[in-house]
Amino acid sequence: MTDSEAWAEVARQAARPDAAAIRARFAADAARPARFTWRAAGLTLDLSRTSLDEGILAALLALARARGVAARLAAMARGEAVNATERRAALHIALRAPREAGFRAGEEDASAEVHATLEAMRRFVAAVHAGEIRSASGARFRDVLNIGIGGSDLGPAMVCRALARPGQPMRAHFLSNLDGHAWASLAPALDPDTTLVLVASKTFTTAETMANARLVKAWLGDRAGAQMAAMSTNIAATTAFGIPPERVFGFRDWVGGRFSLWSAIGLSIALSAGWEAFAALLAGARAMDEHALSAPEARNLPLLLALTEIWHVNGLGYPARAVLPYDERLSRLPAHLQQLEMESLGKRVTEDGAAVARATGPVVFGEPGTNAQHSFLQLLHQGTTPIPADIILVAAPDHPHAGSHRALLANGLAQAAALMRGRSAAEVLAEMLAKGADPAEARRLAPHRTCPGDRPSTLILLPRLDAFHLGALVALYEHKVACLGALWGVDPFDQWGVELGKQLAAEIAPALSGGSPAPDAATAASIAALREAWPGL
Ligand code: F6P
């Protein structure tokens, strides 16, 4: 089947009158969950609350074959330059593979390089924890401050928060925003005598990170030499910044920023959660890698997740997706996935530069449940456009409050049920009348209280939130992104769109201080308004 025949078959399925039906599918077949639930690397993926059925799934799997998704993933694993526009490999899977996996990026033995860095990181972490590496004043390090932004912040910050446990070796803090308020509010909580500072930047040229690194270096004063380390691919720049080479943990350009938490960029994870936790995180991701690269298409979790997105975006025209982790410790997961998915898939041309023929990456947003229920979930239940949701449940808690946890799980399942089942006007009326409401008032309110239902959700279940399952979960989404890149034919590993804003910020900065003209009339007017409100400009 050709690519266009496969897309045409997906379109034919989407034109079926029951294309978006979920409730009716359950009514016809209560055994649906068994046929639309898959497991890998300790995770369970339940797609039964979507409108997928055998016909739709067959069309989507045929599309995956026509688009050569499996071959694309295999090319990624072979270290080919799958990041076409930057002519680079995307070998983040080498970061979590054993030494003997023998990954190569062109001429380079990627696995050897990865394990040399892992060993240097392990020794550094052990020496810091043992008090062999101490602060300038001879104190033990209690806090680690990671300075970075985007992929050099979001992944490690998300994982550190998810794995934080009482009594862990060190506390982790993150400074990313260029806004001076970020450092001004963080600094009072930190003691310069017991804080180890990590500057995390693949390029070591990112303006926000370098500005914050300079602020913190000044705060450390004479201690800076003893208390700063860096994670970067740009050793010349780390040296120029004054970080001794033995305190620089490198990685290669084949590690994309949003895929880098497994590399040296994850040093804050190893320092705060401990080396064993970091190793378990890598092992969980590795388990998902092995599954993604070897499982048959019809049982391949990342591919199934990607095909569900194709169905929702291209089949049914849903433009966004919510991520709802029912675990407070995953509160930064939506932000991490926003970068991972939107920076990867927010593309309007294919790899060969032609305009895409259909919609690509949807808007991704989210908050932990149950908080989201009391804010934006209204729109998912009654808004004009269905927005699919990923509902992430963690079966066993790490606290003793079983009652709270049961209630939390009940809420997650209730949202999935409410989205799917909805509540018809007749049901609303009957319920209101049974409760003794005035019939005229019940009829007036019925349209407002009606929920259409047939709104899809994907359930992802973790047995518990430990490092292994978190690693598997994040890798699941990474491979989903790679699959979608292949399905849509876009380069999921570049991010050229972010460059224009960086360039313009560099042009506008001198205009703000009056040193050069503003680049356009709108900016000139805004600068004038700012100057009026803050003469200090
Ligand atoms: O500007 C976007 C970006 O390049 C992201 O892709 C990246 O994760 C982030 O900036 C930070 O980059 P760096 O690690 O080079 O500072």
# chains A, B, ... in the order shown; residues from 1 in each chain; ligands from 1
$ residues_around --residues "Trp7 in chain A" --least-positions-apart "3" --cutoff "12 Å" --atoms "only C-alpha atoms" --output "PyMOL selection string"
chain A and resi 1-4+10-14+56+59-67+307+310-311+314-315+357-358+487-488
$ residues_near_ligand --ligand "ligand 1" --cutoff "9 Å" --atoms "only C-alpha atoms and all ligand atoms" --output "ChimeraX atom specification"
/A:148-154,200-210,231-233,256-260,265,339,343,493-499,502
$ write_last_selection --atoms "C-alpha atoms" --output "mmCIF file, in the first residue's frame"
data_model
loop_
_atom_site.group_PDB
_atom_site.id
_atom_site.type_symbol
_atom_site.label_atom_id
_atom_site.label_comp_id
_atom_site.auth_asym_id
_atom_site.auth_seq_id
_atom_site.Cartn_x
_atom_site.Cartn_y
_atom_site.Cartn_z
ATOM 1 C CA GLY A 148 19.749 25.557 32.538
ATOM 2 C CA ILE A 149 16.692 26.051 30.379
ATOM 3 C CA GLY A 150 14.497 23.959 28.042
ATOM 4 C CA GLY A 151 15.861 20.444 27.854
ATOM 5 C CA SER A 152 18.691 21.376 30.211
ATOM 6 C CA ASP A 153 16.105 22.124 32.892
ATOM 7 C CA LEU A 154 12.681 20.566 32.299
ATOM 8 C CA ALA A 200 23.693 22.709 32.215
ATOM 9 C CA SER A 201 23.788 23.775 28.590
ATOM 10 C CA LYS A 202 24.381 21.714 25.490
ATOM 11 C CA THR A 203 25.655 24.721 23.573
ATOM 12 C CA PHE A 204 26.911 26.798 26.527
ATOM 13 C CA THR A 205 25.764 29.855 24.590
ATOM 14 C CA THR A 206 22.096 30.028 25.633
ATOM 15 C CA ALA A 207 21.582 33.628 26.735
ATOM 16 C CA GLU A 208 19.304 32.887 29.703
ATOM 17 C CA THR A 209 21.566 30.202 31.122
ATOM 18 C CA MET A 210 24.736 32.217 30.705
ATOM 19 C CA MET A 231 27.425 19.674 31.577
ATOM 20 C CA SER A 232 27.923 20.605 27.955
ATOM 21 C CA THR A 233 29.103 19.656 24.487
ATOM 22 C CA GLY A 256 19.001 16.526 21.505
ATOM 23 C CA GLY A 257 18.228 18.933 24.360
ATOM 24 C CA ARG A 258 14.738 17.560 25.022
ATOM 25 C CA PHE A 259 16.127 13.992 24.975
ATOM 26 C CA SER A 260 19.091 14.753 27.222
ATOM 27 C CA ILE A 265 22.482 16.743 31.872
ATOM 28 C CA GLN A 339 8.793 20.688 25.070
ATOM 29 C CA GLU A 343 9.343 21.406 19.947
ATOM 30 C CA PHE A 493 14.831 16.408 16.210
ATOM 31 C CA ASP A 494 15.342 20.010 15.059
ATOM 32 C CA GLN A 495 13.797 23.269 16.366
ATOM 33 C CA TRP A 496 14.588 26.057 13.911
ATOM 34 C CA GLY A 497 11.479 28.005 14.856
ATOM 35 C CA VAL A 498 12.964 29.079 18.185
ATOM 36 C CA GLU A 499 15.897 30.855 16.535
ATOM 37 C CA LYS A 502 16.567 34.672 19.955
#
$ residues_around --residues "Lys347 in chain A" --least-positions-apart "6" --cutoff "8 Å" --atoms "only C-alpha atoms" --output "ChimeraX atom specification"
/A:360-361,490-491
$ atom_distance --atom1 "CA of His92 in chain A" --atom2 "CA of Arg247 in chain A"
22.5 Å
$ closest_residue --among "A:His405, A:Arg329, A:Arg23, A:Arg96" --to "Phe468 in chain A" --atoms "only C-alpha atoms"
A:Arg96
$ closest_residue --among "A:Asp191, A:Asp327, A:Pro245, A:Met170" --to "Gly274 in chain A" --atoms "only C-alpha atoms"
A:Met170
$ atom_distance --atom1 "CA of Pro456 in chain A" --atom2 "CA of Leu409 in chain A"
18.2 Å
$ residues_around --residues "Pro492 in chain A" --least-positions-apart "3" --cutoff "8 Å" --atoms "only C-alpha atoms" --output "PyMOL selection string"
chain A and resi 83+343-345+481-482+484-485
$ write_last_selection --atoms "N, CA, C and O atoms" --output "CSV table (one decimal), in the first residue's frame"
chain,number,residue,atom,x,y,z
A,83,ASN,N,18.2,13.2,12.1
A,83,ASN,CA,18.0,14.6,12.2
A,83,ASN,C,18.5,15.3,10.9
A,83,ASN,O,19.7,15.7,10.9
A,343,GLU,N,8.1,21.0,20.6
A,343,GLU,CA,9.3,21.4,19.9
A,343,GLU,C,9.7,20.4,18.8
A,343,GLU,O,10.3,20.8,17.8
A,344,SER,N,9.3,19.2,19.0
A,344,SER,CA,9.6,18.1,18.0
A,344,SER,C,8.7,18.1,16.9
A,344,SER,O,9.1,17.9,15.7
A,345,LEU,N,7.4,18.4,17.1
A,345,LEU,CA,6.4,18.1,16.1
A,345,LEU,C,5.6,19.3,15.7
A,345,LEU,O,4.7,19.2,14.9
A,481,VAL,N,7.1,10.3,19.9
A,481,VAL,CA,7.5,11.5,19.1
A,481,VAL,C,8.3,11.0,17.9
A,481,VAL,O,8.0,11.5,16.7
A,482,ALA,N,9.2,10.1,18.0
A,482,ALA,CA,10.0,9.6,16.8
A,482,ALA,C,9.0,9.0,15.8
A,482,ALA,O,9.2,9.2,14.6
A,484,LEU,N,5.8,9.6,15.4
A,484,LEU,CA,5.0,10.7,14.8
A,484,LEU,C,5.9,11.5,13.7
A,484,LEU,O,5.3,11.9,12.7
A,485,GLY,N,7.2,11.7,14.0
A,485,GLY,CA,8.0,12.3,13.0
A,485,GLY,C,8.0,11.6,11.7
A,485,GLY,O,7.8,12.1,10.6
